[in-house]
Amino acid sequence: MADVPHHDQLPLPDYDHLPVGSLEGRIRSLDGAALEAVLAYEQAHANRVQVVQLLENRLAAVRDGAPTSGGSPLAATPEAGQAPQSGSQDSASLKEGPAMNPPSQGVPTNPAQPR
């Protein structure tokens, strides 16, 4: 097994924060050496069965001649999402709520009021 790289040396930036579902597409651009590094890191740290199997299967496919994709492992990670900006909405709009029409049976403050 390859030496365990430091997380800053991995070919996938922010590997520790990537959702498992996005790994399958991201590892398709990695060659055998890069896959071995990610696999060694995963086994030494989180050792998630699903991720280890995914990496082992991709590594076997690359060794059998599977081509790498043209995608970039450095691409943006929209699937990770970002925290919403605080203060992005006006606090008054949060307190008031949407405008409402009075119910057909009358105004709530005066239920006897006819239509």
# chains A, B, ... in the order shown; residues from 1 in each chain; ligands from 1

call {"tool": "select_by_dssp", "arguments": {"residues": "segment 5-53 of chain A", "states": "alpha helix (DSSP H)", "output": "list of chain:residue names"}}
result
A:Val20, A:Gly21, A:Ser22, A:Leu23, A:Glu24, A:Gly25, A:Arg26, A:Gly32, A:Ala33, A:Ala34, A:Leu35, A:Glu36, A:Ala37, A:Val38, A:Leu39, A:Ala40, A:Tyr41, A:Glu42, A:Gln43, A:Ala44, A:Val49, A:Gln50, A:Val51, A:Val52, A:Gln53

call {"tool": "write_last_selection", "arguments": {"atoms": "C-alpha atoms", "output": "JSON list (two decimals), in the first residue's frame"}}
result
[["chain", "number", "residue", "atom", "x", "y", "z"],
["A", 20, "VAL", "CA", -19.77, 10.71, -0.92],
["A", 21, "GLY", "CA", -22.11, 11.04, -3.90],
["A", 22, "SER", "CA", -19.81, 13.45, -5.70],
["A", 23, "LEU", "CA", -16.68, 11.29, -5.34],
["A", 24, "GLU", "CA", -17.60, 8.88, -8.13],
["A", 25, "GLY", "CA", -17.53, 11.60, -10.76],
["A", 26, "ARG", "CA", -14.49, 13.36, -9.35],
["A", 32, "GLY", "CA", -3.66, 5.10, -10.81],
["A", 33, "ALA", "CA", -1.12, 6.84, -8.57],
["A", 34, "ALA", "CA", -3.61, 9.52, -7.53],
["A", 35, "LEU", "CA", -6.27, 6.89, -6.81],
["A", 36, "GLU", "CA", -3.80, 4.93, -4.67],
["A", 37, "ALA", "CA", -3.02, 8.08, -2.67],
["A", 38, "VAL", "CA", -6.70, 8.84, -2.06],
["A", 39, "LEU", "CA", -7.37, 5.20, -1.16],
["A", 40, "ALA", "CA", -4.48, 5.11, 1.33],
["A", 41, "TYR", "CA", -5.70, 8.36, 2.91],
["A", 42, "GLU", "CA", -9.29, 7.07, 3.16],
["A", 43, "GLN", "CA", -8.22, 3.77, 4.72],
["A", 44, "ALA", "CA", -6.01, 5.55, 7.26],
["A", 49, "VAL", "CA", -16.70, 1.01, 3.36],
["A", 50, "GLN", "CA", -18.67, 2.59, 0.51],
["A", 51, "VAL", "CA", -15.82, 4.98, -0.39],
["A", 52, "VAL", "CA", -13.10, 2.32, -0.09],
["A", 53, "GLN", "CA", -15.05, 0.01, -2.42]]

call {"tool": "atom_distance", "arguments": {"atom1": "atom CA of His17 of chain A", "atom2": "atom CA of Thr68 of chain A"}}
result
22.9 Å

call {"tool": "decode", "arguments": {"residues": "segment 61-72 of chain A", "atoms": "all heavy atoms", "output": "PDB file, in the first residue's frame"}}
result
ATOM      1  N   ALA A  61     -10.301  -0.684 -12.406  1.00  0.00           N
ATOM      2  CA  ALA A  61     -10.700  -0.351 -13.772  1.00  0.00           C
ATOM      3  C   ALA A  61      -9.590   0.404 -14.508  1.00  0.00           C
ATOM      4  O   ALA A  61      -9.314   0.137 -15.678  1.00  0.00           O
ATOM      5  CB  ALA A  61     -11.978   0.485 -13.753  1.00  0.00           C
ATOM      6  N   VAL A  62      -8.941   1.334 -13.812  1.00  0.00           N
ATOM      7  CA  VAL A  62      -7.843   2.096 -14.428  1.00  0.00           C
ATOM      8  C   VAL A  62      -6.680   1.159 -14.743  1.00  0.00           C
ATOM      9  O   VAL A  62      -6.065   1.255 -15.810  1.00  0.00           O
ATOM     10  CB  VAL A  62      -7.408   3.272 -13.513  1.00  0.00           C
ATOM     11  CG1 VAL A  62      -6.096   3.879 -13.972  1.00  0.00           C
ATOM     12  CG2 VAL A  62      -8.498   4.329 -13.475  1.00  0.00           C
ATOM     13  N   ARG A  63      -6.382   0.249 -13.848  1.00  0.00           N
ATOM     14  CA  ARG A  63      -5.302  -0.719 -14.091  1.00  0.00           C
ATOM     15  C   ARG A  63      -5.629  -1.636 -15.267  1.00  0.00           C
ATOM     16  O   ARG A  63      -4.726  -2.113 -15.951  1.00  0.00           O
ATOM     17  CB  ARG A  63      -5.039  -1.537 -12.832  1.00  0.00           C
ATOM     18  CG  ARG A  63      -4.332  -0.752 -11.760  1.00  0.00           C
ATOM     19  CD  ARG A  63      -4.102  -1.580 -10.522  1.00  0.00           C
ATOM     20  NE  ARG A  63      -3.383  -0.823  -9.515  1.00  0.00           N
ATOM     21  CZ  ARG A  63      -3.365  -1.130  -8.228  1.00  0.00           C
ATOM     22  NH1 ARG A  63      -4.036  -2.185  -7.785  1.00  0.00           N
ATOM     23  NH2 ARG A  63      -2.696  -0.387  -7.373  1.00  0.00           N
ATOM     24  N   ASP A  64      -6.931  -1.872 -15.507  1.00  0.00           N
ATOM     25  CA  ASP A  64      -7.353  -2.704 -16.630  1.00  0.00           C
ATOM     26  C   ASP A  64      -7.473  -1.907 -17.924  1.00  0.00           C
ATOM     27  O   ASP A  64      -7.914  -2.441 -18.938  1.00  0.00           O
ATOM     28  CB  ASP A  64      -8.683  -3.392 -16.327  1.00  0.00           C
ATOM     29  CG  ASP A  64      -8.545  -4.505 -15.294  1.00  0.00           C
ATOM     30  OD1 ASP A  64      -7.416  -5.008 -15.106  1.00  0.00           O
ATOM     31  OD2 ASP A  64      -9.573  -4.866 -14.678  1.00  0.00           O
ATOM     32  N   GLY A  65      -7.127  -0.633 -17.876  1.00  0.00           N
ATOM     33  CA  GLY A  65      -7.121   0.175 -19.093  1.00  0.00           C
ATOM     34  C   GLY A  65      -8.262   1.141 -19.257  1.00  0.00           C
ATOM     35  O   GLY A  65      -8.409   1.735 -20.322  1.00  0.00           O
ATOM     36  N   ALA A  66      -9.088   1.327 -18.258  1.00  0.00           N
ATOM     37  CA  ALA A  66     -10.189   2.286 -18.362  1.00  0.00           C
ATOM     38  C   ALA A  66      -9.616   3.693 -18.524  1.00  0.00           C
ATOM     39  O   ALA A  66      -8.662   4.067 -17.840  1.00  0.00           O
ATOM     40  CB  ALA A  66     -11.085   2.224 -17.136  1.00  0.00           C
ATOM     41  N   PRO A  67     -10.181   4.474 -19.434  1.00  0.00           N
ATOM     42  CA  PRO A  67      -9.666   5.833 -19.633  1.00  0.00           C
ATOM     43  C   PRO A  67     -10.094   6.763 -18.496  1.00  0.00           C
ATOM     44  O   PRO A  67     -11.109   6.528 -17.839  1.00  0.00           O
ATOM     45  CB  PRO A  67     -10.312   6.267 -20.943  1.00  0.00           C
ATOM     46  CG  PRO A  67     -11.587   5.483 -20.998  1.00  0.00           C
ATOM     47  CD  PRO A  67     -11.281   4.164 -20.342  1.00  0.00           C
ATOM     48  N   THR A  68      -9.308   7.803 -18.291  1.00  0.00           N
ATOM     49  CA  THR A  68      -9.697   8.839 -17.324  1.00  0.00           C
ATOM     50  C   THR A  68     -10.528   9.866 -18.069  1.00  0.00           C
ATOM     51  O   THR A  68     -10.409  10.025 -19.278  1.00  0.00           O
ATOM     52  CB  THR A  68      -8.460   9.506 -16.697  1.00  0.00           C
ATOM     53  OG1 THR A  68      -7.660  10.058 -17.728  1.00  0.00           O
ATOM     54  CG2 THR A  68      -7.642   8.512 -15.898  1.00  0.00           C
ATOM     55  N   SER A  69     -11.379  10.554 -17.356  1.00  0.00           N
ATOM     56  CA  SER A  69     -12.225  11.567 -17.977  1.00  0.00           C
ATOM     57  C   SER A  69     -11.465  12.865 -18.103  1.00  0.00           C
ATOM     58  O   SER A  69     -10.409  13.052 -17.501  1.00  0.00           O
ATOM     59  CB  SER A  69     -13.500  11.778 -17.165  1.00  0.00           C
ATOM     60  OG  SER A  69     -13.205  12.493 -15.989  1.00  0.00           O
ATOM     61  N   GLY A  70     -12.015  13.778 -18.842  1.00  0.00           N
ATOM     62  CA  GLY A  70     -11.382  15.074 -19.019  1.00  0.00           C
ATOM     63  C   GLY A  70     -11.760  16.058 -17.935  1.00  0.00           C
ATOM     64  O   GLY A  70     -11.316  17.187 -17.945  1.00  0.00           O
ATOM     65  N   GLY A  71     -12.599  15.655 -17.002  1.00  0.00           N
ATOM     66  CA  GLY A  71     -13.011  16.548 -15.930  1.00  0.00           C
ATOM     67  C   GLY A  71     -11.850  16.901 -15.020  1.00  0.00           C
ATOM     68  O   GLY A  71     -10.816  16.252 -15.021  1.00  0.00           O
ATOM     69  N   SER A  72     -12.028  17.937 -14.254  1.00  0.00           N
ATOM     70  CA  SER A  72     -10.975  18.380 -13.357  1.00  0.00           C
ATOM     71  C   SER A  72     -11.325  18.078 -11.915  1.00  0.00           C
ATOM     72  O   SER A  72     -12.419  18.424 -11.456  1.00  0.00           O
ATOM     73  CB  SER A  72     -10.749  19.887 -13.499  1.00  0.00           C
ATOM     74  OG  SER A  72      -9.859  20.354 -12.501  1.00  0.00           O
TER      75      SER A  72
END
